[in-house]
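Structure first, commentary second.
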Amino acid sequence: MDQQPPSLLHIHVKLLGFSLHSITPWPNNPSIFYLNGKRISRVEILGVVTSRDYKPNKFLRFTLDDGTHSITCILWLNHLTSPFFASRQPATLRVISDLAKCFADDIQFGKVARVRGRVSSYRGDLQVTVSDVVIERDPDAETLHRLDCISLGRRCYFG
């Protein structure tokens, strides 16, 4: 019997940019990645918004820089028109769409944002498909996130 590697699939793994860019895709499933032999699909990252490409009612692509690496993020804004979301309940779609629009308004150049989402690959490059965003107002947020990532890395991800 083939033993499966440990899994962190159902949690948002806190990572720094350089760690995110060191993960590798799982060969059997393009939405699962390996981090030091552990399977992951979701991440939490934090950084300064350094670019913003907004296409109304389509998407917001932005970049976060945490000082170790830049991370591309995509926030979909087409929930009401995309066939991908057609199977969801209309009331649920409206809430998700309204939240995504609020997130898009909040994500501005120079702000510090905490992003949670799924790791994905687009044209061979890693990106985070955003599920939620918090704009950080605490001046210590970046330092605390970095310390959390180091501690979790030692105890859980790389230990």
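Ordered as shown in the structure tokens, chains take letters A, B, and onward, while each chain numbers its residues from 1 and ligands are numbered from 1 in the order shown.
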- Item | Polymer residues at most 12 Å from range 89-98 of chain A, only C-alpha atoms, same-chain spacing of 3 or more positions, as a count of residues only | 23
- Task: Compile the contact shell of Val13 in chain A as a ChimeraX atom specification: residues with an atom at most 8 Å away, counting only C-alpha atoms, same-chain residues fewer than 3 positions apart removed.
- Result: /A:8,40,42-44
- Message: I need the residue nearest Arg118 in chain A from this list: A:Arg155, A:His12, A:His145, A:Arg137. Use only C-alpha atoms for the distance.
- Response: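 Ranked by minimum distance to Arg118 in chain A, first place goes to A:His12.
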- If you measure from CA of Thr50 in chain A to CA of Phe62 in chain A, what distance in Å do you get, rounded to one decimal? 7.4 Å
- Query: Out of range 20-59 of chain A, which residues get strand (DSSP E or B) from DSSP, as number ranges by chain?
  - Reply: A: 24-26, 29-35, 38-40, 42-55, 59
- Item | Nearest to Ile107 in chain A by atom-to-atom distance, counting only C-alpha atoms, from A:Phe158, A:Tyr34, A:Phe18, A:Tyr54 |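 Looking at the shortest contact to Ile107 in chain A, the residue is A:Tyr54.
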- Message: When DSSP is applied to the backbone of this structure, which of range 71-114 of chain A are assigned helix (DSSP H, G or I)? Write them out as a list of chain:residue names.
- Response: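 The helix (DSSP H, G or I) subset of range 71-114 of chain A is A:Pro83, A:Phe84, A:Phe85, A:Pro90, A:Ala91, A:Thr92, A:Leu93, A:Arg94, A:Val95, A:Ile96, A:Ser97, A:Asp98, A:Leu99, A:Ala100, A:Lys101, A:Cys102, A:Phe103, A:Ala104, A:Asp105, A:Asp106.
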Would you mind exporting N, CA and C atoms of the selected residues as a PDB file, in the first residue's frame?
ATOM      1  N   PRO A  83     -20.284  31.266 -16.481  1.00  0.00           N
ATOM      2  CA  PRO A  83     -20.932  29.957 -16.356  1.00  0.00           C
ATOM      3  C   PRO A  83     -20.282  29.075 -15.283  1.00  0.00           C
ATOM      4  N   PHE A  84     -19.050  29.391 -14.900  1.00  0.00           N
ATOM      5  CA  PHE A  84     -18.350  28.637 -13.863  1.00  0.00           C
ATOM      6  C   PHE A  84     -19.117  28.657 -12.545  1.00  0.00           C
ATOM      7  N   PHE A  85     -19.791  29.769 -12.253  1.00  0.00           N
ATOM      8  CA  PHE A  85     -20.517  29.934 -10.994  1.00  0.00           C
ATOM      9  C   PHE A  85     -22.009  29.652 -11.119  1.00  0.00           C
ATOM     10  N   PRO A  90     -28.608  31.784  -6.508  1.00  0.00           N
ATOM     11  CA  PRO A  90     -28.526  33.213  -6.845  1.00  0.00           C
ATOM     12  C   PRO A  90     -28.242  34.119  -5.645  1.00  0.00           C
ATOM     13  N   ALA A  91     -28.848  33.842  -4.502  1.00  0.00           N
ATOM     14  CA  ALA A  91     -28.617  34.683  -3.313  1.00  0.00           C
ATOM     15  C   ALA A  91     -27.163  34.573  -2.849  1.00  0.00           C
ATOM     16  N   THR A  92     -26.614  33.367  -2.900  1.00  0.00           N
ATOM     17  CA  THR A  92     -25.221  33.156  -2.517  1.00  0.00           C
ATOM     18  C   THR A  92     -24.291  33.873  -3.487  1.00  0.00           C
ATOM     19  N   LEU A  93     -24.603  33.774  -4.776  1.00  0.00           N
ATOM     20  CA  LEU A  93     -23.781  34.448  -5.778  1.00  0.00           C
ATOM     21  C   LEU A  93     -23.778  35.959  -5.583  1.00  0.00           C
ATOM     22  N   ARG A  94     -24.914  36.508  -5.249  1.00  0.00           N
ATOM     23  CA  ARG A  94     -25.010  37.960  -5.039  1.00  0.00           C
ATOM     24  C   ARG A  94     -24.102  38.387  -3.868  1.00  0.00           C
ATOM     25  N   VAL A  95     -24.131  37.619  -2.779  1.00  0.00           N
ATOM     26  CA  VAL A  95     -23.296  37.936  -1.622  1.00  0.00           C
ATOM     27  C   VAL A  95     -21.815  37.838  -1.989  1.00  0.00           C
ATOM     28  N   ILE A  96     -21.437  36.771  -2.671  1.00  0.00           N
ATOM     29  CA  ILE A  96     -20.036  36.592  -3.076  1.00  0.00           C
ATOM     30  C   ILE A  96     -19.603  37.710  -4.012  1.00  0.00           C
ATOM     31  N   SER A  97     -20.462  38.065  -4.954  1.00  0.00           N
ATOM     32  CA  SER A  97     -20.157  39.133  -5.905  1.00  0.00           C
ATOM     33  C   SER A  97     -19.992  40.478  -5.203  1.00  0.00           C
ATOM     34  N   ASP A  98     -20.884  40.782  -4.268  1.00  0.00           N
ATOM     35  CA  ASP A  98     -20.798  42.041  -3.529  1.00  0.00           C
ATOM     36  C   ASP A  98     -19.527  42.103  -2.679  1.00  0.00           C
ATOM     37  N   LEU A  99     -19.179  40.983  -2.041  1.00  0.00           N
ATOM     38  CA  LEU A  99     -17.942  40.933  -1.252  1.00  0.00           C
ATOM     39  C   LEU A  99     -16.712  41.154  -2.130  1.00  0.00           C
ATOM     40  N   ALA A 100     -16.695  40.504  -3.288  1.00  0.00           N
ATOM     41  CA  ALA A 100     -15.553  40.644  -4.195  1.00  0.00           C
ATOM     42  C   ALA A 100     -15.399  42.100  -4.638  1.00  0.00           C
ATOM     43  N   LYS A 101     -16.503  42.776  -4.900  1.00  0.00           N
ATOM     44  CA  LYS A 101     -16.436  44.189  -5.298  1.00  0.00           C
ATOM     45  C   LYS A 101     -15.896  45.052  -4.153  1.00  0.00           C
ATOM     46  N   CYS A 102     -16.302  44.754  -2.925  1.00  0.00           N
ATOM     47  CA  CYS A 102     -15.765  45.485  -1.758  1.00  0.00           C
ATOM     48  C   CYS A 102     -14.270  45.243  -1.620  1.00  0.00           C
ATOM     49  N   PHE A 103     -13.854  43.979  -1.773  1.00  0.00           N
ATOM     50  CA  PHE A 103     -12.429  43.661  -1.702  1.00  0.00           C
ATOM     51  C   PHE A 103     -11.661  44.445  -2.767  1.00  0.00           C
ATOM     52  N   ALA A 104     -12.199  44.485  -3.986  1.00  0.00           N
ATOM     53  CA  ALA A 104     -11.528  45.186  -5.089  1.00  0.00           C
ATOM     54  C   ALA A 104     -11.368  46.670  -4.782  1.00  0.00           C
ATOM     55  N   ASP A 105     -12.385  47.267  -4.167  1.00  0.00           N
ATOM     56  CA  ASP A 105     -12.298  48.681  -3.790  1.00  0.00           C
ATOM     57  C   ASP A 105     -11.233  48.909  -2.726  1.00  0.00           C
ATOM     58  N   ASP A 106     -11.078  47.958  -1.805  1.00  0.00           N
ATOM     59  CA  ASP A 106     -10.121  48.085  -0.700  1.00  0.00           C
ATOM     60  C   ASP A 106      -8.672  47.928  -1.138  1.00  0.00           C
TER      61      ASP A 106
END
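Take CA of Ile32 in chain A and CA of Val119 in chain A: the distance between them is 7.8 Å.
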- Measuring atom to atom with only C-alpha atoms, identify which of A:Leu9, A:Phe109, A:Ile71, A:Arg123 is nearest to Ser31 in chain A.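 Result for the nearest residue to Ser31 in chain A: A:Leu9.
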- Task: Report the distance between CA of Pro25 in chain A and CA of Ile135 in chain A in Å, rounded to one decimal place.
- Result: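 CA of Pro25 in chain A sits 29.3 Å away from CA of Ile135 in chain A.
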- Item | Exercise: Ala113 in chain A partners within 6 Å, only C-alpha atoms, chain neighbours under 6 positions left out, as a PyMOL selection string | chain A and resi 46-47+134-136
Residues of the last selection are to be written out with N, CA and C atoms, as a PDB file, in the first residue's frame.
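File result-v6.pdb, as written:
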ATOM      1  N   LEU A  46       0.667  37.949   3.157  1.00  0.00           N
ATOM      2  CA  LEU A  46       0.506  39.341   3.559  1.00  0.00           C
ATOM      3  C   LEU A  46       1.624  40.146   2.937  1.00  0.00           C
ATOM      4  N   GLY A  47       1.278  41.305   2.383  1.00  0.00           N
ATOM      5  CA  GLY A  47       2.298  42.156   1.793  1.00  0.00           C
ATOM      6  C   GLY A  47       1.722  43.480   1.341  1.00  0.00           C
ATOM      7  N   VAL A 134      -8.166  41.267   3.772  1.00  0.00           N
ATOM      8  CA  VAL A 134      -8.267  42.204   4.889  1.00  0.00           C
ATOM      9  C   VAL A 134      -7.158  43.230   4.699  1.00  0.00           C
ATOM     10  N   ILE A 135      -7.514  44.502   4.732  1.00  0.00           N
ATOM     11  CA  ILE A 135      -6.515  45.554   4.691  1.00  0.00           C
ATOM     12  C   ILE A 135      -6.039  45.770   6.120  1.00  0.00           C
ATOM     13  N   GLU A 136      -4.737  45.612   6.321  1.00  0.00           N
ATOM     14  CA  GLU A 136      -4.160  45.713   7.660  1.00  0.00           C
ATOM     15  C   GLU A 136      -3.900  47.165   8.022  1.00  0.00           C
TER      16      GLU A 136
END
- Message: What's around Thr63 in chain A at 7 Å? Count only C-alpha atoms, leave out sequence neighbours fewer than 2 positions away in its own chain, and write the answer as JSON, numbers by chain.
- Response: {"A": [49, 50, 51, 52, 65, 70, 71, 72, 73]}
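Of the listed residues (A:Leu15, A:Leu60, A:Ile23, A:Val133), A:Ile23 comes nearest to Ser121 in chain A; the distances count only C-alpha atoms.
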- Message: Given only C-alpha atoms as the basis, pick out the residue of A:Gly67, A:Asn29, A:Ser41, A:Gly153 nearest to Gly117 in chain A.
- Response: A:Ser41
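Minimum atom-to-atom distance to Asp53 in chain A, evaluated using only C-alpha atoms, belongs to A:Ile74 out of A:Pro139, A:Val112, A:Asn36, A:Ile74.
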